[in-house]
>>> print(open('protein-v6.cif').read())   # mmCIF, C-alpha atoms (C1' of nucleotides)
data_upload
#
loop_
_atom_site.label_atom_id
_atom_site.label_comp_id
_atom_site.auth_asym_id
_atom_site.auth_seq_id
_atom_site.Cartn_x
_atom_site.Cartn_y
_atom_site.Cartn_z
CA MET A 1 50.47 -3.49 -24.63
CA SER A 2 48.43 -6.12 -22.95
CA THR A 3 45.60 -4.67 -20.99
CA PRO A 4 45.95 -5.77 -17.35
CA ARG A 5 42.79 -7.65 -16.83
CA ARG A 6 41.07 -7.06 -13.55
CA ARG A 7 40.29 -10.72 -13.38
CA ASP A 8 42.92 -13.21 -14.31
CA SER A 9 42.87 -16.68 -12.88
CA ALA A 10 46.33 -17.51 -14.16
CA ARG A 11 47.78 -14.48 -12.44
CA SER A 12 45.97 -15.26 -9.20
CA ARG A 13 47.26 -18.79 -9.37
CA GLU A 14 50.83 -17.63 -9.78
CA LEU A 15 50.54 -15.04 -7.03
CA LEU A 16 49.33 -17.73 -4.68
CA LEU A 17 52.09 -20.06 -5.79
CA ALA A 18 54.77 -17.45 -5.23
CA ALA A 19 53.45 -16.43 -1.83
CA ALA A 20 53.14 -20.05 -0.79
CA THR A 21 56.71 -20.76 -1.84
CA GLU A 22 57.90 -17.86 0.27
CA LEU A 23 55.94 -18.85 3.33
CA PHE A 24 56.65 -22.57 3.12
CA THR A 25 60.30 -21.62 2.75
CA GLU A 26 60.28 -19.30 5.74
CA ARG A 27 58.22 -21.26 8.20
CA GLY A 28 57.65 -24.68 6.75
CA PHE A 29 54.37 -26.26 5.82
CA ASP A 30 52.76 -26.68 9.20
CA ARG A 31 53.31 -23.15 10.42
CA SER A 32 52.08 -21.56 7.22
CA THR A 33 48.35 -20.93 6.97
CA ILE A 34 46.33 -20.47 3.85
CA ARG A 35 45.11 -17.16 5.25
CA GLU A 36 48.66 -15.86 5.46
CA ILE A 37 49.38 -17.11 1.98
CA GLY A 38 46.34 -15.34 0.64
CA GLU A 39 47.23 -12.18 2.49
CA ARG A 40 50.76 -12.10 1.13
CA ALA A 41 49.56 -12.86 -2.35
CA GLY A 42 46.80 -10.30 -2.18
CA VAL A 43 44.43 -13.03 -3.21
CA ASP A 44 41.53 -14.52 -1.33
CA PRO A 45 42.68 -17.77 0.29
CA ALA A 46 39.51 -19.50 -0.80
CA LEU A 47 40.95 -19.52 -4.28
CA ILE A 48 43.60 -21.95 -3.10
CA ALA A 49 40.94 -24.61 -2.92
CA ARG A 50 39.66 -23.68 -6.33
CA TYR A 51 42.96 -23.57 -8.19
CA PHE A 52 44.98 -26.20 -6.36
CA GLY A 53 42.50 -28.31 -4.46
CA GLY A 54 43.80 -27.50 -1.01
CA LYS A 55 46.82 -26.57 1.02
CA ALA A 56 48.58 -29.89 0.50
CA GLN A 57 48.23 -29.71 -3.27
CA LEU A 58 49.47 -26.15 -3.22
CA TYR A 59 52.52 -27.41 -1.38
CA LEU A 60 53.05 -30.07 -4.00
CA ALA A 61 52.86 -27.39 -6.66
CA THR A 62 55.54 -25.34 -4.92
CA LEU A 63 57.82 -28.37 -4.90
CA GLN A 64 57.70 -28.50 -8.66
CA VAL A 65 58.69 -24.87 -8.99
CA ASP A 66 61.37 -24.88 -6.33
CA GLN A 67 64.34 -22.94 -7.47
CA LEU A 68 66.69 -25.88 -7.48
CA ALA A 69 65.00 -26.73 -10.72
CA ALA A 70 67.91 -25.53 -12.81
CA ASN A 71 70.42 -28.00 -14.15
CA PRO A 72 71.17 -30.65 -11.56
CA PRO A 73 73.54 -29.10 -9.08
CA ASP A 74 76.65 -30.98 -8.13
CA LEU A 75 77.30 -30.19 -4.52
CA LEU A 76 80.99 -30.81 -4.89
CA GLU A 77 81.38 -28.05 -7.42
CA PRO A 78 82.21 -25.03 -5.28
CA GLU A 79 80.25 -22.59 -7.43
CA ARG A 80 77.14 -24.74 -7.26
CA ALA A 81 77.47 -25.32 -3.54
CA LYS A 82 77.97 -21.63 -2.96
CA ALA A 83 75.00 -20.77 -5.11
CA LEU A 84 72.79 -23.18 -3.20
CA LEU A 85 73.96 -21.96 0.19
CA ASP A 86 73.62 -18.35 -0.88
CA HIS A 87 70.15 -18.97 -2.10
CA ALA A 88 69.24 -20.70 1.12
CA ALA A 89 70.80 -17.93 3.20
CA GLN A 90 68.94 -15.18 1.41
CA ARG A 91 65.53 -16.72 0.92
CA GLY A 92 65.54 -19.49 3.44
CA PRO A 93 65.95 -23.18 2.87
CA GLY A 94 63.64 -24.55 0.27
CA PRO A 95 60.70 -26.75 1.15
CA ILE A 96 62.58 -29.69 -0.29
CA HIS A 97 65.38 -29.29 2.21
CA ARG A 98 62.97 -29.17 5.08
CA ALA A 99 61.34 -32.35 3.87
CA ALA A 100 64.60 -34.20 4.31
CA VAL A 101 64.75 -33.65 8.05
CA SER A 102 61.11 -33.36 9.08
CA PRO A 103 58.94 -35.62 7.00
CA HIS A 104 55.52 -34.48 6.01
CA GLU A 105 52.50 -36.07 7.60
CA ASP A 106 50.89 -37.03 4.32
CA PRO A 107 52.92 -39.92 2.87
CA GLU A 108 52.05 -38.94 -0.67
CA VAL A 109 53.34 -35.43 -0.16
CA GLN A 110 56.46 -36.69 1.55
CA ALA A 111 57.10 -39.12 -1.29
CA ALA A 112 56.90 -36.28 -3.79
CA ALA A 113 59.38 -34.23 -1.80
CA ALA A 114 61.73 -37.17 -1.50
CA GLU A 115 61.54 -37.76 -5.23
CA GLN A 116 62.55 -34.17 -5.97
CA LEU A 117 65.32 -34.35 -3.42
CA HIS A 118 66.81 -37.40 -5.04
CA ARG A 119 66.42 -36.24 -8.58
CA ARG A 120 68.02 -32.89 -7.97
CA LEU A 121 70.68 -33.58 -5.39
CA VAL A 122 71.28 -37.20 -4.55
CA ASP A 123 71.25 -38.76 -8.00
CA PRO A 124 73.75 -36.38 -9.58
CA LEU A 125 76.13 -36.94 -6.71
CA CYS A 126 75.65 -40.67 -6.87
CA GLU A 127 76.51 -40.67 -10.54
CA ARG A 128 79.61 -38.67 -9.84
CA PHE A 129 80.73 -41.05 -7.13
CA THR A 130 80.05 -43.98 -9.39
CA ARG A 131 82.12 -42.41 -12.14
CA GLU A 132 84.93 -41.91 -9.68
CA GLY A 133 84.79 -45.55 -8.71
CA LEU A 134 84.05 -44.94 -5.04
CA ASP A 135 82.41 -47.73 -3.10
CA ARG A 136 78.86 -47.35 -1.81
CA PRO A 137 78.09 -44.41 -4.08
CA GLN A 138 74.43 -44.22 -3.09
CA LEU A 139 75.21 -44.17 0.61
CA ARG A 140 77.93 -41.61 0.06
CA ALA A 141 75.62 -39.40 -1.93
CA GLU A 142 72.81 -39.52 0.60
CA LEU A 143 75.22 -38.91 3.43
CA THR A 144 76.71 -35.92 1.69
CA VAL A 145 73.36 -34.41 0.83
CA ALA A 146 72.10 -34.96 4.36
CA ALA A 147 75.13 -33.21 5.78
CA PHE A 148 74.77 -30.37 3.31
CA ILE A 149 71.14 -29.91 4.20
CA GLY A 150 72.01 -29.91 7.87
CA VAL A 151 74.44 -27.09 7.26
CA SER A 152 72.02 -25.17 5.09
CA LEU A 153 69.14 -25.43 7.53
CA SER A 154 71.29 -24.74 10.55
CA ARG A 155 72.58 -21.62 8.91
CA SER A 156 69.07 -20.25 8.62
CA SER A 157 67.88 -21.27 12.04
CA GLY A 158 69.91 -18.79 14.04
CA THR A 159 71.10 -21.52 16.35
CA PHE A 160 74.69 -21.40 15.14
CA GLN A 161 76.09 -17.92 15.27
CA ALA A 162 79.45 -18.48 13.67
CA LEU A 163 77.90 -20.55 10.93
CA ALA A 164 75.25 -17.97 10.20
CA GLN A 165 77.61 -15.03 10.22
CA ALA A 166 80.46 -16.53 8.28
CA ARG A 167 80.71 -15.55 4.65
CA THR A 168 79.23 -18.11 2.35
CA GLU A 169 82.53 -18.52 0.55
CA ASP A 170 84.22 -19.49 3.78
CA VAL A 171 81.52 -21.96 4.68
CA VAL A 172 81.68 -23.55 1.27
CA ALA A 173 85.45 -23.74 1.33
CA LEU A 174 85.49 -25.34 4.73
CA ALA A 175 82.64 -27.68 3.91
CA LEU A 176 84.24 -28.84 0.71
CA GLU A 177 87.52 -29.31 2.49
CA LEU A 178 85.66 -31.57 4.88
CA LEU A 179 83.33 -33.25 2.43
CA ALA A 180 85.48 -33.83 -0.60
CA PRO A 181 86.46 -37.49 -0.80
CA ARG A 182 90.06 -38.28 -0.14
CA ARG A 183 92.12 -38.58 -3.26
CA MET B 1 58.79 -51.64 50.88
CA SER B 2 57.43 -48.27 50.01
CA THR B 3 53.70 -48.27 49.69
CA PRO B 4 52.77 -47.16 46.18
CA ARG B 5 50.67 -44.18 46.89
CA ARG B 6 47.62 -43.82 44.75
CA ARG B 7 48.34 -40.13 44.55
CA ASP B 8 51.89 -39.06 43.93
CA SER B 9 52.58 -35.75 42.29
CA ALA B 10 56.26 -36.52 41.80
CA ARG B 11 55.42 -39.70 39.96
CA SER B 12 52.82 -37.98 37.81
CA ARG B 13 55.34 -35.30 36.97
CA GLU B 14 57.92 -37.84 35.89
CA LEU B 15 55.44 -39.84 33.87
CA LEU B 16 54.46 -36.69 32.01
CA LEU B 17 58.08 -35.76 31.49
CA ALA B 18 58.93 -39.18 30.11
CA ALA B 19 55.93 -39.28 27.80
CA ALA B 20 56.63 -35.76 26.60
CA THR B 21 60.25 -36.62 25.84
CA GLU B 22 59.10 -39.56 23.77
CA LEU B 23 56.53 -37.62 21.82
CA PHE B 24 58.65 -34.53 21.25
CA THR B 25 61.35 -36.88 20.04
CA GLU B 26 59.07 -38.73 17.68
CA ARG B 27 57.05 -35.91 16.21
CA GLY B 28 58.59 -32.67 17.35
CA PHE B 29 57.04 -30.01 19.49
CA ASP B 30 54.37 -28.68 17.17
CA ARG B 31 52.87 -32.01 16.24
CA SER B 32 52.70 -33.28 19.80
CA THR B 33 49.58 -32.40 21.75
CA ILE B 34 49.20 -32.28 25.47
CA ARG B 35 46.32 -34.73 25.17
CA GLU B 36 48.58 -37.27 23.52
CA ILE B 37 51.21 -36.71 26.16
CA GLY B 38 48.69 -37.22 28.91
CA GLU B 39 47.33 -40.31 27.23
CA ARG B 40 50.74 -41.90 26.87
CA ALA B 41 51.66 -41.03 30.42
CA GLY B 42 48.37 -42.25 31.79
CA VAL B 43 47.99 -38.89 33.45
CA ASP B 44 45.41 -36.20 32.92
CA PRO B 45 46.87 -33.57 30.59
CA ALA B 46 45.53 -30.80 32.79
CA LEU B 47 48.29 -31.66 35.23
CA ILE B 48 50.82 -30.41 32.69
CA ALA B 49 49.66 -26.92 33.43
CA ARG B 50 49.82 -27.52 37.15
CA TYR B 51 53.25 -29.11 37.32
CA PHE B 52 55.07 -27.36 34.49
CA GLY B 53 53.05 -24.27 33.69
CA GLY B 54 52.18 -25.26 30.16
CA LYS B 55 53.30 -27.14 27.09
CA ALA B 56 56.26 -24.85 26.40
CA GLN B 57 57.63 -25.19 29.90
CA LEU B 58 57.20 -28.93 29.71
CA TYR B 59 59.28 -28.85 26.57
CA LEU B 60 61.95 -26.86 28.35
CA ALA B 61 61.96 -29.46 31.10
CA THR B 62 62.51 -32.25 28.57
CA LEU B 63 65.50 -30.40 27.17
CA GLN B 64 67.17 -30.56 30.54
CA VAL B 65 66.71 -34.31 30.76
CA ASP B 66 67.64 -35.12 27.20
CA GLN B 67 69.73 -38.21 27.05
CA LEU B 68 72.79 -36.48 25.69
CA ALA B 69 73.28 -35.29 29.23
CA ALA B 70 76.07 -37.74 29.85
CA ASN B 71 79.67 -36.65 29.55
CA PRO B 72 80.08 -34.27 26.63
CA PRO B 73 80.25 -36.38 23.51
CA ASP B 74 83.03 -35.80 21.07
CA LEU B 75 81.60 -36.39 17.64
CA LEU B 76 84.95 -37.31 16.23
CA GLU B 77 85.33 -40.26 18.56
CA PRO B 78 83.81 -43.12 16.59
CA GLU B 79 82.27 -44.79 19.63
CA ARG B 80 80.58 -41.58 20.71
CA ALA B 81 79.35 -40.79 17.23
CA LYS B 82 78.01 -44.30 16.83
CA ALA B 83 76.30 -44.11 20.19
CA LEU B 84 74.63 -40.87 19.27
CA LEU B 85 73.51 -42.10 15.88
CA ASP B 86 72.31 -45.38 17.34
CA HIS B 87 70.35 -43.57 19.95
CA ALA B 88 68.80 -41.33 17.36
CA ALA B 89 67.99 -44.25 15.10
CA GLN B 90 66.27 -46.21 17.82
CA ARG B 91 64.39 -43.51 19.67
CA GLY B 92 64.28 -40.76 17.15
CA PRO B 93 66.32 -37.58 17.02
CA GLY B 94 66.29 -35.68 20.27
CA PRO B 95 64.41 -32.43 20.62
CA ILE B 96 67.73 -30.63 20.73
CA HIS B 97 68.65 -31.85 17.29
CA ARG B 98 65.36 -30.74 15.87
CA ALA B 99 65.84 -27.29 17.35
CA ALA B 100 68.98 -26.85 15.27
CA VAL B 101 67.17 -27.04 11.98
CA SER B 102 63.69 -25.78 12.74
CA PRO B 103 63.79 -23.05 15.35
CA HIS B 104 61.05 -22.87 17.90
CA GLU B 105 58.51 -20.10 17.71
CA ASP B 106 59.12 -18.90 21.24
CA PRO B 107 62.54 -17.17 21.30
CA GLU B 108 63.08 -18.08 24.93
CA VAL B 109 62.51 -21.75 24.25
CA GLN B 110 64.72 -21.66 21.19
CA ALA B 111 67.49 -19.97 23.15
CA ALA B 112 67.35 -22.71 25.75
CA ALA B 113 67.63 -25.38 23.07
CA ALA B 114 70.51 -23.58 21.43
CA GLU B 115 72.32 -23.35 24.73
CA GLN B 116 72.04 -27.09 25.30
CA LEU B 117 73.16 -27.77 21.77
CA HIS B 118 76.28 -25.71 22.19
CA ARG B 119 77.14 -26.96 25.62
CA ARG B 120 76.81 -30.60 24.69
CA LEU B 121 78.04 -30.78 21.12
CA VAL B 122 79.56 -27.60 19.75
CA ASP B 123 81.73 -26.51 22.65
CA PRO B 124 83.52 -29.82 23.14
CA LEU B 125 84.31 -29.97 19.46
CA CYS B 126 85.46 -26.39 19.46
CA GLU B 127 87.84 -27.10 22.30
CA ARG B 128 89.19 -30.08 20.45
CA PHE B 129 89.78 -28.07 17.30
CA THR B 130 91.43 -25.35 19.32
CA ARG B 131 93.73 -27.88 20.95
CA GLU B 132 94.64 -29.20 17.53
CA GLY B 133 95.51 -25.72 16.39
CA LEU B 134 93.01 -25.60 13.53
CA ASP B 135 91.90 -22.22 12.30
CA ARG B 136 88.34 -21.04 12.84
CA PRO B 137 87.60 -23.65 15.49
CA GLN B 138 84.16 -22.27 16.30
CA LEU B 139 83.06 -22.26 12.68
CA ARG B 140 84.48 -25.73 12.19
CA ALA B 141 82.69 -27.02 15.24
CA GLU B 142 79.33 -25.56 14.26
CA LEU B 143 79.73 -26.79 10.71
CA THR B 144 80.54 -30.28 11.87
CA VAL B 145 77.67 -30.43 14.32
CA ALA B 146 75.26 -29.07 11.72
CA ALA B 147 76.35 -31.73 9.25
CA PHE B 148 76.07 -34.44 11.89
CA ILE B 149 72.58 -33.34 12.79
CA GLY B 150 71.59 -33.30 9.16
CA VAL B 151 72.70 -36.90 8.87
CA SER B 152 71.02 -37.93 12.08
CA LEU B 153 67.71 -36.32 11.23
CA SER B 154 67.77 -37.50 7.64
CA ARG B 155 68.32 -41.02 8.82
CA SER B 156 65.15 -40.93 10.83
CA SER B 157 63.02 -39.21 8.26
CA GLY B 158 62.78 -42.06 5.81
CA THR B 159 63.73 -39.79 2.94
CA PHE B 160 67.09 -41.42 2.37
CA GLN B 161 66.78 -45.15 1.95
CA ALA B 162 70.42 -46.11 1.79
CA LEU B 163 71.24 -43.88 4.71
CA ALA B 164 68.43 -45.28 6.82
CA GLN B 165 69.16 -48.89 6.00
CA ALA B 166 72.91 -48.83 6.27
CA ARG B 167 74.38 -50.17 9.48
CA THR B 168 75.24 -47.47 11.92
CA GLU B 169 78.87 -48.57 11.96
CA ASP B 170 79.13 -48.03 8.24
CA VAL B 171 77.52 -44.62 8.43
CA VAL B 172 79.83 -43.57 11.20
CA ALA B 173 82.88 -44.88 9.41
CA LEU B 174 81.98 -43.09 6.22
CA ALA B 175 81.01 -39.92 8.01
CA LEU B 176 84.21 -39.81 9.99
CA GLU B 177 86.19 -40.49 6.85
CA LEU B 178 84.49 -37.46 5.36
CA LEU B 179 84.40 -35.26 8.42
CA ALA B 180 87.75 -35.85 10.04
CA PRO B 181 90.07 -32.94 9.36
CA ARG B 182 92.95 -33.58 7.07
CA ARG B 183 96.12 -34.48 8.82
"C1'" DG C 1 35.85 -37.95 62.81
"C1'" DC C 2 36.78 -33.68 60.97
"C1'" DT C 3 39.32 -30.26 58.63
"C1'" DT C 4 42.39 -28.92 55.25
"C1'" DC C 5 45.34 -29.08 51.62
"C1'" DA C 6 47.26 -31.69 47.85
"C1'" DT C 7 46.07 -34.22 43.97
"C1'" DG C 8 43.18 -35.74 40.25
"C1'" DT C 9 39.00 -35.39 36.94
"C1'" DC C 10 36.10 -33.21 34.02
"C1'" DA C 11 33.79 -29.74 31.31
"C1'" DT C 12 34.33 -25.70 28.89
"C1'" DC C 13 36.31 -21.60 26.67
"C1'" DA C 14 38.70 -18.96 23.19
"C1'" DT C 15 41.37 -19.42 19.36
"C1'" DC C 16 42.96 -21.03 15.16
"C1'" DC C 17 42.75 -23.72 11.03
"C1'" DG C 18 41.32 -25.85 6.51
"C1'" DA C 19 37.46 -26.55 3.88
"C1'" DA C 20 33.16 -25.64 1.72
"C1'" DG C 21 29.53 -23.15 -0.12
"C1'" DA C 22 26.45 -19.16 -0.90
"C1'" DC C 23 26.50 -15.11 -3.15
"C1'" DA C 24 28.37 -11.15 -5.89
"C1'" DT C 25 30.77 -9.38 -9.82
"C1'" DC C 26 33.09 -9.25 -14.08
"C1'" DA C 27 34.14 -10.95 -18.89
"C1'" DT C 28 32.86 -12.88 -23.02
"C1'" DG C 29 30.10 -14.56 -26.85
"C1'" DT C 30 26.02 -13.92 -29.28
"C1'" DA D 1 21.67 -5.97 -24.24
"C1'" DC D 2 21.54 -10.20 -22.43
"C1'" DA D 3 22.83 -14.76 -20.91
"C1'" DT D 4 26.28 -17.62 -19.21
"C1'" DG D 5 30.19 -19.11 -17.25
"C1'" DA D 6 34.43 -17.65 -15.00
"C1'" DT D 7 36.32 -15.32 -11.22
"C1'" DG D 8 36.31 -13.17 -6.73
"C1'" DT D 9 34.39 -12.17 -1.85
"C1'" DC D 10 32.49 -13.36 2.25
"C1'" DT D 11 30.53 -16.26 5.87
"C1'" DT D 12 30.24 -20.25 8.17
"C1'" DC D 13 31.20 -25.04 9.71
"C1'" DG D 14 33.47 -28.73 12.02
"C1'" DG D 15 37.45 -30.08 14.20
"C1'" DA D 16 41.60 -29.57 16.90
"C1'" DT D 17 44.31 -27.40 20.42
"C1'" DG D 18 46.11 -25.14 24.73
"C1'" DA D 19 44.52 -23.20 28.65
"C1'" DT D 20 41.56 -22.57 32.65
"C1'" DG D 21 38.70 -23.25 36.49
"C1'" DA D 22 35.08 -25.67 38.95
"C1'" DC D 23 34.50 -29.70 41.23
"C1'" DA D 24 35.67 -34.37 43.23
"C1'" DT D 25 38.62 -37.31 45.81
"C1'" DG D 26 42.18 -38.96 48.50
"C1'" DA D 27 45.76 -38.08 52.25
"C1'" DA D 28 47.53 -36.18 56.40
"C1'" DG D 29 47.31 -33.58 60.77
"C1'" DC D 30 44.67 -32.60 64.74
#
>>> encode(input="protein-v6.cif", output="C-alpha cells")
Amino acid sequence: MSTPRRRDSARSRELLLAAATELFTERGFDRSTIREIGERAGVDPALIARYFGGKAQLYLATLQVDQLAANPPDLLEPERAKALLDHAAQRGPGPIHRAAVSPHEDPEVQAAAAEQLHRRLVDPLCERFTREGLDRPQLRAELTVAAFIGVSLSRSSGTFQALAQARTEDVVALALELLAPRR
Amino acid sequence: MSTPRRRDSARSRELLLAAATELFTERGFDRSTIREIGERAGVDPALIARYFGGKAQLYLATLQVDQLAANPPDLLEPERAKALLDHAAQRGPGPIHRAAVSPHEDPEVQAAAAEQLHRRLVDPLCERFTREGLDRPQLRAELTVAAFIGVSLSRSSGTFQALAQARTEDVVALALELLAPRR
DNA sequence: GCTTCATGTCATCATCCGAAGACATCATGT
DNA sequence: ACATGATGTCTTCGGATGATGACATGAAGC
C-alpha cells in the first residue's frame, strides 16, 4: 500500500481544487474567498498562489474540471436534461452556468467560461438543430441553453418555490414539452 | 417658477435612487459601491445612510421603483415580452431579474425581491394558465419566468453572441414559438 | 441678526480581501 | 548525517468597502 505522505503537493492541489469547485458552485466567484477555500480544503490558502497563481487562475482550473465534462450533453434528451438538473439541484449550479448570466469581471476568465459553455452545451444543440434542418440553429441553441440555465439557476436560488420543490422528472418533462421544437 | 433650492433633500434622495437603480442594473448589488453611486448621482455617498439607512435599504428602495412597475406584464403577449427584453437589452437586466438567479445574502432583501418577482411576472402568468385550464399552473408559470429570465440575462452578459446580436423581435418570436403551450 | 434645525462635506474607523514574502519543516539524494 | 530543494505555516501589506460621526454650511422662523 502506498504510504500516505505527510507532504504531497499534488494532493494539496486537488484538495484546493475540489473545495474551490464546491464554493464557487455554492456562492459564485465573488462571494468565495481564498480563506474559505483553504479552510474547507484543510490546506493553507497561501498555497493557492503557489499552485495556481491566484484566485482567478484557480477559478479557471475549476472550469476545466467542471462535471459537465462528460460526453457532450444534449439538452433535448430527457435523461441528459434530468441528469444535469439533478446535478445542479444537489450540488448547485456549476460555475459555468453562473458565467452565462453574470459575466466575470476579468474578460479572459469570462472568455474561458464562455468557451466551455459553448463547447459543452451550445454546440451540441446547434449541431442537432442543423441536422434537423431548423432555421437559425445557432440562435435556437443559445436561446435554449439560456432558458435551461435560467431554470437551473432559479431552481437553486430559492426564489421559486414550486420550481424548487417539484420533482426533477416533472420539471424536465414540462420543460421539454415547452422547449422541444414543433414537429 | 420654482426656485431651484441649493439644498433639497428630496432631490438628493431621488438622484441617489436613480443612480443606484442604474448601477445595480448594470453590475448587480455586490459589485456596486456606494461611492460609485454617490459619484454618479453627484451626491455625497454619506447621504445614502442618512436617507435610506444603508446600501441594503437603498437596494430595497430601488426594487420598489423598478421599471416593471407598470401594469403586470404577460410574458406570453409578444408586445409585452418584446418590451421587457428591449428594456433589458438597453438598460441591462433589472435587479429583480438578477435576484432570481443569484440570491441576495440578506434573507430579508432576497424575500423582498422574490415578492416583486412573483407579483409582477409569476402571478399574472399563473392566473393565465389557470384560466386556460392547464395543469400545474404555478409550476408552469415559474418555469416560464425562469426561462425568460435566463434568456434576458444571457442576452446582456455577452456570453451568447447570436442571442445578443439577434433582433429582439426575432428572439421574442422564437422564444414564444418555443414557450407557448401546445394548443 | 440670531438661533436652530436641516442638509451637505469630510475624515476616519473597522473589516475584509487577495497577494506576497519571511520563515519553518519535511523529504530526498548523496 | 548533511545539504538542498520542496512543501507548509504564519504574518503582514496595500487596497477597497460600508458605516459612522464630527464638523461646516445653508435655510427658515423669530
>>> resolve_selection(input="protein-v6.cif", expression="the PyMOL selection byres ((chain C) within 10 of (chain A))", output="MDAnalysis selection string")
chainID C and resid 16:20 26:27
>>> residues_around(input="protein-v6.cif", residues="Gln90 of chain A", least_positions_apart="4", cutoff="9 Å", atoms="all atoms listed in the file", output="ChimeraX atom specification")
/A:85-86,156
>>> resolve_selection(input="protein-v6.cif", expression="the PyMOL selection byres ((chain D) within 8 of (chain B))", output="number ranges by chain")
D: 17-19, 26
>>> interface_residues(input="protein-v6.cif", of="chain B", to="chain A", cutoff="7 Å", atoms="all atoms listed in the file", output="list of chain:residue names")
B:Ala100, B:Val101, B:Ser102, B:Pro103, B:Ala114, B:Gln138, B:Leu139, B:Glu142, B:Leu143, B:Ala146, B:Ala147, B:Phe148, B:Ile149, B:Gly150, B:Val151, B:Leu153, B:Ser154, B:Ser157, B:Thr159, B:Phe160, B:Ala162, B:Leu163, B:Leu178, B:Leu179, B:Pro181
>>> resolve_selection(input="protein-v6.cif", expression="the PyMOL selection byres ((chain A and resi 75) around 9)", output="number ranges by chain")
A: 73-74, 76-82, 84, 121, 124-125, 144-145, 148, 176
>>> atom_distance(input="protein-v6.cif", atom1="atom CA of Pro95 of chain A", atom2="atom CA of Asp123 of chain A")
18.4 Å
>>> residues_around(input="protein-v6.cif", residues="Ala56 of chain A", least_positions_apart="4", cutoff="9 Å", atoms="all atoms listed in the file", output="ChimeraX atom specification")
/A:29,52,60-61,106,109
>>> residues_around(input="protein-v6.cif", residues="DC23 of chain C", least_positions_apart="3", cutoff="12 Å", atoms="all atoms listed in the file", output="PyMOL selection string")
chain D and resi 8-11
>>> atom_distance(input="protein-v6.cif", atom1="atom CA of Ile37 of chain A", atom2="atom CA of Ala19 of chain A")
5.6 Å
>>> closest_residue(input="protein-v6.cif", among="C:DT15, C:DT25, C:DT30, C:DT9", to="DT25 of chain D", atoms="only C-alpha atoms (C1' of nucleotides)")
C:DT9
>>> build_atoms(input="protein-v6.cif", residues="segment 157-168 of chain B", atoms="N, CA, C and O atoms", output="CSV table (one decimal), in the frame of the given file")
chain,number,residue,atom,x,y,z
B,157,SER,N,64.2,-39.8,9.0
B,157,SER,CA,63.0,-39.2,8.3
B,157,SER,C,62.5,-40.1,7.2
B,157,SER,O,61.4,-40.0,6.7
B,158,GLY,N,63.2,-41.1,6.8
B,158,GLY,CA,62.8,-42.1,5.8
B,158,GLY,C,62.9,-41.5,4.4
B,158,GLY,O,62.6,-42.2,3.4
B,159,THR,N,63.6,-40.4,4.3
B,159,THR,CA,63.7,-39.8,2.9
B,159,THR,C,64.9,-40.4,2.2
B,159,THR,O,64.9,-40.5,1.0
B,160,PHE,N,65.9,-40.8,3.0
B,160,PHE,CA,67.1,-41.4,2.4
B,160,PHE,C,67.2,-42.9,2.7
B,160,PHE,O,67.5,-43.3,3.8
B,161,GLN,N,66.9,-43.7,1.7
B,161,GLN,CA,66.8,-45.2,2.0
B,161,GLN,C,68.1,-45.8,2.3
B,161,GLN,O,68.2,-46.4,3.4
B,162,ALA,N,69.1,-45.5,1.5
B,162,ALA,CA,70.4,-46.1,1.8
B,162,ALA,C,70.9,-45.7,3.1
B,162,ALA,O,71.5,-46.5,3.9
B,163,LEU,N,70.7,-44.4,3.4
B,163,LEU,CA,71.2,-43.9,4.7
B,163,LEU,C,70.5,-44.5,5.9
B,163,LEU,O,71.1,-44.8,6.9
B,164,ALA,N,69.2,-44.7,5.7
B,164,ALA,CA,68.4,-45.3,6.8
B,164,ALA,C,68.7,-46.8,7.0
B,164,ALA,O,68.7,-47.3,8.1
B,165,GLN,N,69.0,-47.4,5.9
B,165,GLN,CA,69.2,-48.9,6.0
B,165,GLN,C,70.6,-49.3,6.3
B,165,GLN,O,70.8,-50.4,6.8
B,166,ALA,N,71.5,-48.5,6.0
B,166,ALA,CA,72.9,-48.8,6.3
B,166,ALA,C,73.2,-49.1,7.8
B,166,ALA,O,72.5,-48.5,8.6
B,167,ARG,N,74.1,-49.9,8.1
B,167,ARG,CA,74.4,-50.2,9.5
B,167,ARG,C,75.0,-48.9,10.0
B,167,ARG,O,75.8,-48.2,9.3
B,168,THR,N,74.7,-48.7,11.3
B,168,THR,CA,75.2,-47.5,11.9
B,168,THR,C,76.8,-47.4,11.8
B,168,THR,O,77.3,-46.3,11.6
